[in-house]
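Student: So here's start-v8.txt (compact mmCIF, C-alpha atoms and all ligand atoms).
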```txt
# COMPACT_ATOMS: atom_id res chain seq x y z
CA ARG A 1 5.54 -15.05 -13.70
CA TYR A 2 5.79 -14.88 -17.49
CA GLU A 3 3.18 -17.64 -17.81
CA TRP A 4 0.58 -16.27 -15.41
CA GLN A 5 0.86 -12.68 -16.62
CA LYS A 6 0.53 -13.87 -20.20
CA SER A 7 -2.49 -16.04 -19.39
CA ALA A 8 -4.06 -13.07 -17.56
CA GLY A 9 -3.87 -11.14 -20.85
CA LEU A 10 -1.16 -8.70 -19.66
CA GLN A 11 1.54 -7.53 -22.04
CA ILE A 12 4.93 -9.01 -21.25
CA GLU A 13 8.13 -9.45 -23.23
CA HIS A 14 11.16 -11.62 -22.66
CA LEU A 15 14.43 -9.63 -23.14
CA THR A 16 17.93 -11.02 -23.62
CA ALA A 17 20.84 -9.54 -21.64
CA ARG A 18 21.72 -7.29 -24.60
CA GLU A 19 18.16 -6.04 -25.00
CA THR A 20 17.92 -5.43 -21.25
CA LEU A 21 21.06 -3.28 -21.27
CA GLN A 22 19.79 -1.37 -24.29
CA ALA A 23 16.56 -0.55 -22.45
CA GLU A 24 18.26 0.16 -19.09
CA PRO A 25 21.99 0.89 -19.61
CA PHE A 26 22.67 1.34 -15.88
CA VAL A 27 21.62 -2.14 -14.72
CA SER A 28 24.32 -4.63 -13.80
CA PRO A 29 26.36 -6.00 -16.74
CA ASP A 30 25.92 -9.39 -15.03
CA VAL A 31 22.24 -9.43 -16.04
CA ARG A 32 21.38 -12.62 -17.94
CA GLU A 33 17.82 -11.92 -19.09
CA SER A 34 14.75 -10.00 -17.98
CA LEU A 35 11.01 -9.64 -18.33
CA PHE A 36 9.68 -6.34 -19.66
CA PHE A 37 6.18 -5.15 -18.69
CA PRO A 38 5.34 -2.31 -21.14
CA ASN A 39 2.26 -1.32 -19.13
CA ASP A 40 3.88 -1.26 -15.71
CA TRP A 41 3.81 2.34 -14.43
CA GLN A 42 4.36 4.03 -11.10
CA VAL A 43 2.60 6.46 -8.79
CA GLU A 44 4.46 9.15 -6.80
CA ASN A 45 2.72 8.61 -3.46
CA ARG A 46 3.78 11.98 -2.00
CA ARG A 47 2.21 13.84 -4.93
CA LEU A 48 -0.85 11.62 -4.73
CA LEU A 49 -1.44 12.75 -1.15
CA PHE A 50 -0.95 16.42 -2.06
CA ALA A 51 -3.53 15.91 -4.82
CA LEU A 52 -5.94 14.27 -2.38
CA GLU A 53 -5.56 17.16 0.07
CA LYS A 54 -6.18 19.64 -2.73
CA TYR A 55 -9.25 17.72 -3.85
CA ALA A 56 -10.60 17.77 -0.29
CA GLU A 57 -9.98 21.51 -0.01
CA LEU A 58 -11.70 22.26 -3.34
CA ASN A 59 -14.69 20.11 -2.41
CA CYS A 60 -15.13 21.38 1.17
CA ILE A 61 -14.15 18.02 2.67
CA LYS A 62 -12.76 18.52 6.17
CA ILE A 63 -9.71 16.47 7.19
CA ILE A 64 -9.25 16.34 10.98
CA GLU A 65 -5.67 15.37 11.85
CA ASN A 66 -4.15 14.13 15.12
CA ALA A 67 -7.46 12.75 16.40
CA GLU A 68 -6.90 9.16 17.48
CA ILE A 69 -10.18 7.26 17.53
CA SER A 70 -10.34 4.92 20.51
CA ASN A 71 -13.96 3.72 20.32
CA LEU A 72 -16.73 3.33 17.80
CA LEU A 73 -20.10 4.63 18.93
CA ILE A 74 -22.78 2.03 18.27
CA GLU A 75 -26.45 2.34 19.20
CA LYS A 76 -28.97 -0.44 18.61
CA ASN A 77 -26.69 -2.22 16.10
CA ARG A 78 -26.19 0.96 14.14
CA ILE A 79 -23.05 3.10 13.93
CA ILE A 80 -23.58 6.67 15.10
CA GLY A 81 -19.97 7.91 15.18
CA ALA A 82 -16.61 7.48 16.85
CA GLU A 83 -14.73 9.04 19.75
CA THR A 84 -11.23 9.96 20.84
CA GLU A 85 -10.23 10.17 24.52
CA THR A 86 -11.54 13.75 24.56
CA GLU A 87 -14.00 14.24 21.73
CA LYS A 88 -16.98 12.58 20.05
CA PHE A 89 -17.67 12.70 16.30
CA PHE A 90 -21.16 11.85 15.08
CA ALA A 91 -21.82 10.51 11.58
CA PRO A 92 -24.52 8.38 9.94
CA THR A 93 -21.88 6.34 8.07
CA VAL A 94 -18.38 5.37 9.19
CA VAL A 95 -15.61 3.81 7.07
CA LEU A 96 -12.69 2.32 8.97
CA ALA A 97 -9.61 3.07 6.87
CA THR A 98 -7.23 2.80 9.79
CA GLY A 99 -4.65 0.46 8.28
CA ALA A 100 -2.46 -1.64 10.56
CA TRP A 101 -4.02 -0.02 13.66
CA THR A 102 -7.60 -1.13 12.91
CA SER A 103 -7.73 -3.92 15.51
CA LEU A 104 -6.74 -1.51 18.31
CA ILE A 105 -10.07 0.33 18.04
CA LYS A 106 -12.76 -0.77 20.48
CA ALA A 107 -16.28 -1.37 19.29
CA GLU A 108 -18.20 -2.44 22.44
CA SER A 109 -18.73 -6.23 22.30
CA PHE A 110 -18.37 -6.26 18.52
CA ILE A 111 -14.98 -7.61 17.39
CA LEU A 112 -13.21 -5.99 14.44
CA PRO A 113 -11.19 -8.21 12.06
CA GLN A 114 -7.54 -8.77 12.96
CA VAL A 115 -5.17 -6.59 10.94
CA LYS A 116 -1.52 -6.70 11.84
CA PRO A 117 1.42 -4.42 10.99
CA ILE A 118 4.18 -5.64 8.69
CA ARG A 119 7.09 -3.21 8.67
CA GLY A 120 8.69 -2.09 5.43
CA GLN A 121 11.95 -0.13 5.40
CA MET A 122 13.10 1.86 2.36
CA ILE A 123 16.09 3.98 1.38
CA SER A 124 16.68 6.37 -1.49
CA PHE A 125 19.58 7.75 -3.51
CA GLN A 126 19.60 11.08 -5.31
CA THR A 127 21.05 11.49 -8.80
CA ALA A 128 21.27 14.67 -10.87
CA LYS A 129 19.29 13.14 -13.71
CA ARG A 130 17.06 10.13 -14.09
CA LEU A 131 19.12 6.97 -14.73
CA PHE A 132 16.40 4.32 -15.11
CA GLN A 133 13.20 4.27 -17.16
CA LYS A 134 11.11 1.70 -15.33
CA VAL A 135 10.67 0.16 -11.91
CA ILE A 136 13.20 -2.68 -11.83
CA TYR A 137 12.56 -5.79 -9.74
CA SER A 138 15.07 -8.42 -8.69
CA PRO A 139 14.32 -11.54 -6.65
CA ARG A 140 15.34 -9.56 -3.51
CA GLY A 141 13.59 -6.22 -4.02
CA TYR A 142 13.12 -3.33 -6.41
CA ILE A 143 14.27 0.15 -7.40
CA VAL A 144 11.88 2.94 -8.38
CA PRO A 145 13.29 5.80 -10.46
CA ARG A 146 11.46 9.07 -9.75
CA ALA A 147 11.29 11.89 -12.31
CA ASP A 148 13.34 14.20 -10.02
CA GLY A 149 16.35 11.83 -9.99
CA ARG A 150 15.54 10.09 -6.71
CA ILE A 151 15.93 6.31 -6.77
CA LEU A 152 13.87 4.51 -4.12
CA VAL A 153 14.93 1.07 -2.97
CA GLY A 154 12.43 -1.27 -1.36
CA ALA A 155 11.59 -2.93 0.77
CA THR A 156 11.98 -5.09 3.85
CA VAL A 157 9.06 -7.26 5.00
CA GLU A 158 9.19 -7.65 8.79
CA ASP A 159 6.74 -8.91 11.39
CA VAL A 160 7.93 -6.77 14.34
CA GLY A 161 4.75 -5.21 15.71
CA PHE A 162 4.12 -1.45 15.81
CA ASP A 163 7.78 -0.53 15.43
CA LYS A 164 8.50 1.98 12.68
CA SER A 165 12.22 2.36 13.32
CA MET A 166 14.95 1.81 10.73
CA THR A 167 17.61 -0.79 11.47
CA ASP A 168 21.22 -1.12 10.29
CA ALA A 169 20.44 -4.62 8.98
CA GLY A 170 17.48 -3.25 7.01
CA THR A 171 19.57 -0.45 5.49
CA GLU A 172 22.34 -2.87 4.54
CA PHE A 173 19.87 -5.31 2.95
CA LEU A 174 18.42 -2.48 0.85
CA ARG A 175 21.85 -1.18 -0.19
CA GLU A 176 22.84 -4.68 -1.31
CA THR A 177 19.55 -5.05 -3.18
CA ALA A 178 20.23 -1.80 -5.05
CA LEU A 179 23.85 -2.68 -5.82
CA GLU A 180 22.89 -6.09 -7.17
CA ILE A 181 20.55 -4.38 -9.65
CA SER A 182 22.98 -1.55 -10.44
CA PRO A 183 26.51 -1.72 -8.95
CA GLY A 184 27.13 1.93 -9.94
CA LEU A 185 24.77 3.03 -7.15
CA GLY A 186 27.52 1.99 -4.72
CA ASN A 187 29.20 5.36 -5.37
CA LEU A 188 26.21 7.26 -3.97
CA GLU A 189 25.41 8.24 -0.39
CA ILE A 190 22.04 7.19 0.99
CA HIS A 191 19.80 10.24 0.62
CA GLU A 192 16.77 9.29 2.76
CA LYS A 193 15.59 6.36 4.91
CA TRP A 194 12.11 5.64 6.20
CA ALA A 195 9.82 2.85 7.36
CA GLY A 196 6.08 2.24 7.38
CA LEU A 197 3.60 -0.38 8.55
CA ARG A 198 1.60 -2.30 5.97
CA PRO A 199 -1.83 -3.57 7.04
CA PHE A 200 -1.99 -7.36 6.75
CA ALA A 201 -5.10 -9.52 7.31
CA ALA A 202 -4.97 -13.18 8.35
CA ASP A 203 -5.39 -14.39 4.74
CA GLY A 204 -3.27 -11.64 3.16
CA LEU A 205 -6.21 -10.18 1.22
CA PRO A 206 -7.87 -6.75 1.47
CA ILE A 207 -10.87 -6.27 3.75
CA ILE A 208 -13.51 -4.16 2.01
CA GLY A 209 -17.21 -3.81 2.71
CA ALA A 210 -19.98 -3.65 5.27
CA PHE A 211 -20.42 -5.43 8.59
CA ALA A 212 -23.61 -7.46 8.89
CA GLU A 213 -23.78 -6.81 12.67
CA VAL A 214 -23.55 -2.99 12.64
CA GLU A 215 -25.56 -0.97 10.17
CA ASN A 216 -23.67 1.67 8.15
CA LEU A 217 -20.24 0.63 9.43
CA PHE A 218 -17.77 -0.10 6.62
CA ILE A 219 -14.13 -1.08 6.40
CA ALA A 220 -11.51 -0.56 3.67
CA THR A 221 -8.02 -1.71 4.55
CA ALA A 222 -5.53 -4.62 4.67
CA HIS A 223 -4.23 -4.02 1.16
CA TYR A 224 -0.83 -5.06 2.49
CA ARG A 225 1.80 -4.31 -0.21
CA ASN A 226 -0.60 -2.76 -2.75
CA GLY A 227 -2.69 -0.21 -0.88
CA ILE A 228 -1.51 2.78 -2.88
CA LEU A 229 -2.11 1.24 -6.28
CA LEU A 230 -5.45 -0.25 -5.23
CA ALA A 231 -6.72 2.90 -3.45
CA PRO A 232 -8.65 4.37 -6.44
CA LEU A 233 -10.46 1.10 -7.13
CA THR A 234 -11.23 0.53 -3.44
CA ALA A 235 -12.51 4.11 -3.12
CA LYS A 236 -14.74 3.67 -6.18
CA ILE A 237 -16.20 0.40 -4.88
CA MET A 238 -16.83 1.91 -1.43
CA ALA A 239 -18.35 5.12 -2.79
CA GLU A 240 -20.69 3.20 -5.11
CA LYS A 241 -21.76 0.97 -2.22
CA ILE A 242 -22.38 3.82 0.23
CA ALA A 243 -23.91 6.38 -2.14
CA GLU A 244 -25.78 4.10 -4.56
CA ASN A 245 -25.95 0.74 -2.76
CA LEU A 246 -24.18 -0.90 -5.73
CA ASP A 247 -22.58 -4.25 -4.94
CA SER A 248 -19.29 -4.90 -6.70
CA GLU A 249 -18.27 -8.56 -6.93
CA TYR A 250 -15.15 -7.56 -4.94
CA LEU A 251 -17.32 -6.73 -1.94
CA LYS A 252 -18.22 -10.41 -1.74
CA ILE A 253 -14.66 -11.67 -2.16
CA PHE A 254 -13.10 -9.23 0.31
CA SER A 255 -15.98 -8.92 2.78
CA PRO A 256 -15.10 -8.67 6.51
CA GLN A 257 -17.74 -11.35 7.06
CA ARG A 258 -15.36 -14.02 5.73
CA PHE A 259 -13.54 -13.96 9.09
CA ARG A 260 -16.82 -14.46 10.95
CA ALA A 261 -17.52 -17.53 8.78
CA ALA A 262 -13.98 -18.84 9.40
CA ARG A 263 -14.39 -18.38 13.16
CA ALA A 264 -17.73 -20.19 13.22
CA THR A 265 -16.44 -23.33 11.44
C1 LIG B 301 7.96 0.45 2.65
C2 LIG B 301 6.61 0.33 2.02
C3 LIG B 301 6.51 0.28 0.64
C4 LIG B 301 5.26 0.18 0.03
N1 LIG B 301 5.18 0.16 -1.32
C5 LIG B 301 3.98 0.11 -1.93
C6 LIG B 301 3.88 0.14 -3.34
O1 LIG B 301 4.88 0.18 -4.05
N2 LIG B 301 2.64 0.11 -3.89
C7 LIG B 301 1.52 0.03 -3.14
O2 LIG B 301 0.43 0.01 -3.70
N3 LIG B 301 1.58 -0.02 -1.79
C8 LIG B 301 2.79 0.01 -1.18
N4 LIG B 301 2.87 -0.06 0.19
C9 LIG B 301 1.67 -0.40 0.96
C10 LIG B 301 0.77 0.77 1.22
O3 LIG B 301 1.50 1.83 1.82
C11 LIG B 301 -0.36 0.30 2.14
O4 LIG B 301 -1.00 -0.82 1.59
C12 LIG B 301 -1.39 1.42 2.31
O5 LIG B 301 -0.78 2.56 2.86
C13 LIG B 301 -2.50 0.96 3.23
O6 LIG B 301 -3.49 1.95 3.24
P1 LIG B 301 -4.49 2.12 4.47
O7 LIG B 301 -5.26 3.36 4.19
O8 LIG B 301 -5.22 0.85 4.71
O9 LIG B 301 -3.53 2.32 5.73
P2 LIG B 301 -2.52 3.51 6.04
O10 LIG B 301 -1.93 4.08 4.80
O11 LIG B 301 -1.59 2.98 7.09
O12 LIG B 301 -3.44 4.64 6.64
C14 LIG B 301 -4.12 4.45 7.85
C15 LIG B 301 -4.34 5.81 8.46
O13 LIG B 301 -5.23 5.69 9.56
C16 LIG B 301 -4.70 6.43 10.63
N5 LIG B 301 -5.20 5.80 11.87
C17 LIG B 301 -4.89 4.58 12.35
N6 LIG B 301 -5.54 4.35 13.50
C18 LIG B 301 -6.29 5.45 13.74
C19 LIG B 301 -7.17 5.82 14.79
N7 LIG B 301 -7.43 5.01 15.81
N8 LIG B 301 -7.77 7.03 14.73
C20 LIG B 301 -7.52 7.89 13.68
N9 LIG B 301 -6.69 7.58 12.67
C21 LIG B 301 -6.07 6.38 12.70
C22 LIG B 301 -3.20 6.33 10.50
O14 LIG B 301 -2.57 7.38 11.21
C23 LIG B 301 -3.05 6.44 8.99
O15 LIG B 301 -3.01 7.79 8.60
C24 LIG B 301 4.10 0.07 0.83
C25 LIG B 301 4.21 0.13 2.22
C26 LIG B 301 5.45 0.25 2.81
C27 LIG B 301 5.55 0.32 4.32
```
Starting from the file, lay out its structure as structure tokens.
Ligand SMILES: Cc1cc2nc3c(=O)[nH]c(=O)nc-3n(C[C@H](O)[C@H](O)[C@H](O)COP(=O)(O)OP(=O)(O)OC[C@H]3O[C@@H](n4cnc5c(N)ncnc54)[C@H](O)[C@@H]3O)c2cc1C

Tutor:
Amino acid sequence: RYEWQKSAGLQIEHLTARETLQAEPFVSPDVRESLFFPNDWQVENRRLLFALEKYAELNCIKIIENAEISNLLIEKNRIIGAETETEKFFAPTVVLATGAWTSLIKAESFILPQVKPIRGQMISFQTAKRLFQKVIYSPRGYIVPRADGRILVGATVEDVGFDKSMTDAGTEFLRETALEISPGLGNLEIHEKWAGLRPFAADGLPIIGAFAEVENLFIATAHYRNGILLAPLTAKIMAEKIAENLDSEYLKIFSPQRFRAARAT
């Protein structure tokens, strides 16, 4: 990891055990060495969504919730909208940002790329004040210290279909992960538990761009473990494509058409 991050031009420092404990006094005294990424930051996803909602409100963008799209409406190889079991929505441009559920949507004879759910369970602890400065990774998982004293522990990676439940085994794995990084956390009760489904494409890469077969139909998903951090860049690429017809090089790399090519060979 040190080598490839260095060769990619990212800042990275090798810390001894003593230096590690100076930087993060609450990590395990068993630590032998660590890598320090000065430019590694974090995003509070709950606040990010509040901000997005606020942005939508201020810019008269309507968010329609609890409307499960079952079918895309396609006319003469052109998208004209989408429908739920009870309602039709018409639009000249449609972007599928439907995560792990994308492949469940019907699109007449046109087949959408396969995206499958990979469950991730997380737990959190609550402390009165912030104990850690940075996100801390171990070979098993990671802890994320939030400004309000919460410490998130992630995450399981499970191929179990559309099942968002928490399991005892998952909770135990996460507790052990946290305690390995910082044994002192063993004195705390688990504050929250939750699970989500990450969207995963057959080759593990995002799917971003237009479909050659259906005009004005776009897709932006399958960011798997990095969809929050990559959301601003994906949104920028999609907006530039739709509004200005600008083609980012990423649209080529992550195009949905790559699965068509793979199927044909
Ligand atoms: C435990 C866990 C930890 C994670 N940690 C990180 C992290 O540290 N950093 C990071 O960058 N990413 C992380 N991720 C991954 C990140 O959450 C995903 O990559 C990201 O949410 C995917 O975004 P998306 O918009 O494609 O899908 P989603 O966020 O799943 O959004 C899809 C939306 O579409 C809606 N939808 C689906 N089908 C339909 C339909 N038919 N009609 C209408 N609406 C529909 C869903 O209800 C949902 O609201 C984590 C994920 C998990 C589970």

Student: Show me a table, sorted first by chain and then by increasing residue number, of the residues of chain A having an atom at most 8 Å from ligand LIG 301 (chain B), each with its shortest atom pair and the distance in Å to one decimal, counting all atoms listed in the file and written as JSON lines.

Tutor:
```
{"residue": "A:Glu65", "atom": "CA", "partner": "B:LIG301", "partner_atom": "N9", "distance": 7.9}
{"residue": "A:Asn66", "atom": "CA", "partner": "B:LIG301", "partner_atom": "C20", "distance": 7.2}
{"residue": "A:Ala67", "atom": "CA", "partner": "B:LIG301", "partner_atom": "C20", "distance": 5.6}
{"residue": "A:Glu68", "atom": "CA", "partner": "B:LIG301", "partner_atom": "N8", "distance": 3.6}
{"residue": "A:Ile69", "atom": "CA", "partner": "B:LIG301", "partner_atom": "N8", "distance": 3.7}
{"residue": "A:Ser70", "atom": "CA", "partner": "B:LIG301", "partner_atom": "N7", "distance": 5.5}
{"residue": "A:Thr84", "atom": "CA", "partner": "B:LIG301", "partner_atom": "N8", "distance": 7.6}
{"residue": "A:Ala97", "atom": "CA", "partner": "B:LIG301", "partner_atom": "O7", "distance": 5.1}
{"residue": "A:Thr98", "atom": "CA", "partner": "B:LIG301", "partner_atom": "O13", "distance": 3.5}
{"residue": "A:Gly99", "atom": "CA", "partner": "B:LIG301", "partner_atom": "O9", "distance": 3.3}
{"residue": "A:Ala100", "atom": "CA", "partner": "B:LIG301", "partner_atom": "O11", "distance": 5.8}
{"residue": "A:Trp101", "atom": "CA", "partner": "B:LIG301", "partner_atom": "N6", "distance": 4.6}
{"residue": "A:Thr102", "atom": "CA", "partner": "B:LIG301", "partner_atom": "N6", "distance": 5.9}
{"residue": "A:Leu104", "atom": "CA", "partner": "B:LIG301", "partner_atom": "N7", "distance": 7.0}
{"residue": "A:Ile105", "atom": "CA", "partner": "B:LIG301", "partner_atom": "N7", "distance": 5.8}
{"residue": "A:Ile118", "atom": "CA", "partner": "B:LIG301", "partner_atom": "C27", "distance": 7.5}
{"residue": "A:Arg119", "atom": "CA", "partner": "B:LIG301", "partner_atom": "C27", "distance": 5.8}
{"residue": "A:Gly120", "atom": "CA", "partner": "B:LIG301", "partner_atom": "C1", "distance": 3.8}
{"residue": "A:Gln121", "atom": "CA", "partner": "B:LIG301", "partner_atom": "C1", "distance": 4.9}
{"residue": "A:Met122", "atom": "CA", "partner": "B:LIG301", "partner_atom": "C1", "distance": 5.3}
{"residue": "A:Gly154", "atom": "CA", "partner": "B:LIG301", "partner_atom": "C1", "distance": 6.2}
{"residue": "A:Ala155", "atom": "CA", "partner": "B:LIG301", "partner_atom": "C1", "distance": 5.3}
{"residue": "A:Thr156", "atom": "CA", "partner": "B:LIG301", "partner_atom": "C1", "distance": 6.9}
{"residue": "A:Trp194", "atom": "CA", "partner": "B:LIG301", "partner_atom": "C1", "distance": 7.5}
{"residue": "A:Ala195", "atom": "CA", "partner": "B:LIG301", "partner_atom": "C1", "distance": 5.6}
{"residue": "A:Gly196", "atom": "CA", "partner": "B:LIG301", "partner_atom": "C27", "distance": 3.7}
{"residue": "A:Leu197", "atom": "CA", "partner": "B:LIG301", "partner_atom": "C27", "distance": 4.7}
{"residue": "A:Arg198", "atom": "CA", "partner": "B:LIG301", "partner_atom": "C27", "distance": 5.0}
{"residue": "A:Pro199", "atom": "CA", "partner": "B:LIG301", "partner_atom": "C13", "distance": 6.0}
{"residue": "A:Ala220", "atom": "CA", "partner": "B:LIG301", "partner_atom": "O8", "distance": 6.5}
{"residue": "A:Thr221", "atom": "CA", "partner": "B:LIG301", "partner_atom": "O8", "distance": 3.8}
{"residue": "A:Ala222", "atom": "CA", "partner": "B:LIG301", "partner_atom": "O8", "distance": 5.5}
{"residue": "A:His223", "atom": "CA", "partner": "B:LIG301", "partner_atom": "O4", "distance": 4.6}
{"residue": "A:Tyr224", "atom": "CA", "partner": "B:LIG301", "partner_atom": "O4", "distance": 4.3}
{"residue": "A:Arg225", "atom": "CA", "partner": "B:LIG301", "partner_atom": "C9", "distance": 4.1}
{"residue": "A:Asn226", "atom": "CA", "partner": "B:LIG301", "partner_atom": "O2", "distance": 3.1}
{"residue": "A:Gly227", "atom": "CA", "partner": "B:LIG301", "partner_atom": "O4", "distance": 3.1}
{"residue": "A:Ile228", "atom": "CA", "partner": "B:LIG301", "partner_atom": "O2", "distance": 3.5}
{"residue": "A:Leu229", "atom": "CA", "partner": "B:LIG301", "partner_atom": "O2", "distance": 3.8}
{"residue": "A:Leu230", "atom": "CA", "partner": "B:LIG301", "partner_atom": "O2", "distance": 6.1}
{"residue": "A:Ala231", "atom": "CA", "partner": "B:LIG301", "partner_atom": "O6", "distance": 7.5}
```

Student: For a test of reading the model, state the distance in Å between atom CA of A:Ile207 and atom CA of A:Leu233, rounded to one decimal.

Tutor: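 Rounded to one decimal, the two atoms are 13.1 Å apart.
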
Student: Would you list the contacts of stretch 78-80 of chain A as a PyMOL selection string, taking every protein, DNA or RNA residue within 9 Å and counting all atoms listed in the file, but skipping same-chain residues closer than 4 positions in sequence?

Tutor: chain A and resi 72-74+89-94+213-217

Student: Could you tell me how far atom CA of A:Ala128 lies from atom CA of A:Ser34, in Å and to one decimal?

Tutor: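 Here the two named atoms are 26.5 Å from each other.
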
Student: Let me make sure I understand: among A:Val135, A:Ala239, A:Leu152, A:Ala107, which one has the smallest atom-to-atom distance to A:Pro38 if we use only C-alpha atoms?

Tutor: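 Closest candidate: A:Val135.
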
Student: Would you pick out the contacts of A:His191 at 9 Å or less, using all atoms listed in the file, so that residues sharing its chain but fewer than 2 positions from it are not included, and give the list as a PyMOL selection string?

Tutor: chain A and resi 123-126+150+188-189+193

Student: Next, write the just-selected residues to a file, as a PDB file, in the frame of the given file, keeping C-alpha atoms as the atom set.

Tutor:
```
ATOM      1  CA  ILE A 123      16.090   3.980   1.380  1.00  0.00           C
ATOM      2  CA  SER A 124      16.680   6.370  -1.490  1.00  0.00           C
ATOM      3  CA  PHE A 125      19.580   7.750  -3.510  1.00  0.00           C
ATOM      4  CA  GLN A 126      19.600  11.080  -5.310  1.00  0.00           C
ATOM      5  CA  ARG A 150      15.540  10.090  -6.710  1.00  0.00           C
ATOM      6  CA  LEU A 188      26.210   7.260  -3.970  1.00  0.00           C
ATOM      7  CA  GLU A 189      25.410   8.240  -0.390  1.00  0.00           C
ATOM      8  CA  LYS A 193      15.590   6.360   4.910  1.00  0.00           C
TER       9      LYS A 193
END
```

Student: Could you work out how far atom CA of A:Leu15 lies from atom CA of A:Ile136, giving the answer in Å with one decimal?

Tutor: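 Separation of atom CA of A:Ile136 and atom CA of A:Leu15: 13.3 Å.
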
Student: Between A:Val43, A:Gly161, A:Phe37, A:Gly204, which has the minimum distance to A:Gly9 (counting all atoms listed in the file)?

Tutor: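 Counting all atoms listed in the file, the residue closest to A:Gly9 is A:Phe37.
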
Student: Taking all atoms listed in the file into account, produce a table as a Markdown table in which each residue of stretch 130-241 of chain A with an atom at most 6 Å from an atom of stretch 249-261 of chain A appears once, together with its shortest atom pair and the distance in Å to one decimal, ordered by chain and rising number.

Tutor:
```
| residue | atom | partner | partner_atom | distance |
| --- | --- | --- | --- | --- |
| A:Pro206 | CA | A:Phe254 | CA | 5.9 |
| A:Ile207 | CA | A:Phe254 | CA | 5.1 |
| A:Ile208 | CA | A:Phe254 | CA | 5.4 |
| A:Gly209 | CA | A:Ser255 | CA | 5.3 |
```

Student: Counting only C-alpha atoms, figure out which residue out of A:Leu96, A:Thr16, A:Ser138, A:Pro117 gets nearest to A:Phe162.

Tutor: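 Nearest to A:Phe162: A:Pro117.
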
Student: Would you compute the box with edges along x, y and z of the file around stretch 120-127 of chain A, including every atom the file lists for it and 8 Å extra on each side, and give its centre and edge lengths in Å to one decimal, as AutoDock Vina command-line options?

Tutor:
```
--center_x 14.9 --center_y 4.7 --center_z -1.7 --size_x 28.4 --size_y 29.6 --size_z 30.2
```

Student: Determine the nearest neighbour of A:Leu179 from the options A:Leu35, A:Val27, A:Ala212, A:Val160, counting all atoms listed in the file.

Tutor: A:Val27

Student: Nearest residue to A:Ile143 out of A:Phe26, A:Phe211, A:Phe50, A:Phe218, using only C-alpha atoms?

Tutor: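 Of A:Phe26, A:Phe211, A:Phe50, A:Phe218, the one nearest A:Ile143, counting only C-alpha atoms, is A:Phe26.
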
Student: What lies within 9 Å of A:Arg130 using all atoms listed in the file, ignoring chain neighbours under 3 positions off, as an MDAnalysis selection string?

Tutor: chainID A and resid 127 133 145:151

Student: Can you write out the residues you just picked, keeping C-alpha atoms, as a short mmCIF file (atom, residue, chain, number, x, y, z; two decimals), in the frame of the given file?

Tutor:
```cif
data_model
loop_
_atom_site.label_atom_id
_atom_site.label_comp_id
_atom_site.auth_asym_id
_atom_site.auth_seq_id
_atom_site.Cartn_x
_atom_site.Cartn_y
_atom_site.Cartn_z
CA THR A 127 21.05 11.49 -8.80
CA GLN A 133 13.20 4.27 -17.16
CA PRO A 145 13.29 5.80 -10.46
CA ARG A 146 11.46 9.07 -9.75
CA ALA A 147 11.29 11.89 -12.31
CA ASP A 148 13.34 14.20 -10.02
CA GLY A 149 16.35 11.83 -9.99
CA ARG A 150 15.54 10.09 -6.71
CA ILE A 151 15.93 6.31 -6.77
#
```

Student: Taking the partial coordinates given, rebuild stretch 105-115 of chain A to contain N, CA and C atoms; return it as a PDB file, in the frame of the given file.

Tutor:
```
ATOM      1  N   ILE A 105      -8.874  -0.473  17.745  1.00  0.00           N
ATOM      2  CA  ILE A 105     -10.070   0.330  18.040  1.00  0.00           C
ATOM      3  C   ILE A 105     -11.121  -0.544  18.711  1.00  0.00           C
ATOM      4  N   LYS A 106     -11.750   0.006  19.751  1.00  0.00           N
ATOM      5  CA  LYS A 106     -12.760  -0.770  20.480  1.00  0.00           C
ATOM      6  C   LYS A 106     -14.143  -0.482  19.901  1.00  0.00           C
ATOM      7  N   ALA A 107     -14.953  -1.532  19.878  1.00  0.00           N
ATOM      8  CA  ALA A 107     -16.280  -1.370  19.290  1.00  0.00           C
ATOM      9  C   ALA A 107     -17.301  -2.118  20.152  1.00  0.00           C
ATOM     10  N   GLU A 108     -17.343  -1.756  21.452  1.00  0.00           N
ATOM     11  CA  GLU A 108     -18.200  -2.440  22.440  1.00  0.00           C
ATOM     12  C   GLU A 108     -17.928  -3.943  22.377  1.00  0.00           C
ATOM     13  N   SER A 109     -18.975  -4.774  22.290  1.00  0.00           N
ATOM     14  CA  SER A 109     -18.730  -6.230  22.300  1.00  0.00           C
ATOM     15  C   SER A 109     -18.454  -6.755  20.883  1.00  0.00           C
ATOM     16  N   PHE A 110     -18.569  -5.878  19.913  1.00  0.00           N
ATOM     17  CA  PHE A 110     -18.370  -6.260  18.520  1.00  0.00           C
ATOM     18  C   PHE A 110     -16.870  -6.334  18.221  1.00  0.00           C
ATOM     19  N   ILE A 111     -16.427  -7.441  17.612  1.00  0.00           N
ATOM     20  CA  ILE A 111     -14.980  -7.610  17.390  1.00  0.00           C
ATOM     21  C   ILE A 111     -14.619  -7.280  15.946  1.00  0.00           C
ATOM     22  N   LEU A 112     -13.660  -6.366  15.788  1.00  0.00           N
ATOM     23  CA  LEU A 112     -13.210  -5.990  14.440  1.00  0.00           C
ATOM     24  C   LEU A 112     -12.235  -7.061  13.923  1.00  0.00           C
ATOM     25  N   PRO A 113     -12.115  -7.205  12.598  1.00  0.00           N
ATOM     26  CA  PRO A 113     -11.190  -8.210  12.060  1.00  0.00           C
ATOM     27  C   PRO A 113      -9.743  -7.905  12.461  1.00  0.00           C
ATOM     28  N   GLN A 114      -8.947  -8.949  12.598  1.00  0.00           N
ATOM     29  CA  GLN A 114      -7.540  -8.770  12.960  1.00  0.00           C
ATOM     30  C   GLN A 114      -6.754  -8.244  11.755  1.00  0.00           C
ATOM     31  N   VAL A 115      -6.074  -7.130  11.962  1.00  0.00           N
ATOM     32  CA  VAL A 115      -5.170  -6.590  10.940  1.00  0.00           C
ATOM     33  C   VAL A 115      -3.854  -6.359  11.650  1.00  0.00           C
TER      34      VAL A 115
END
```
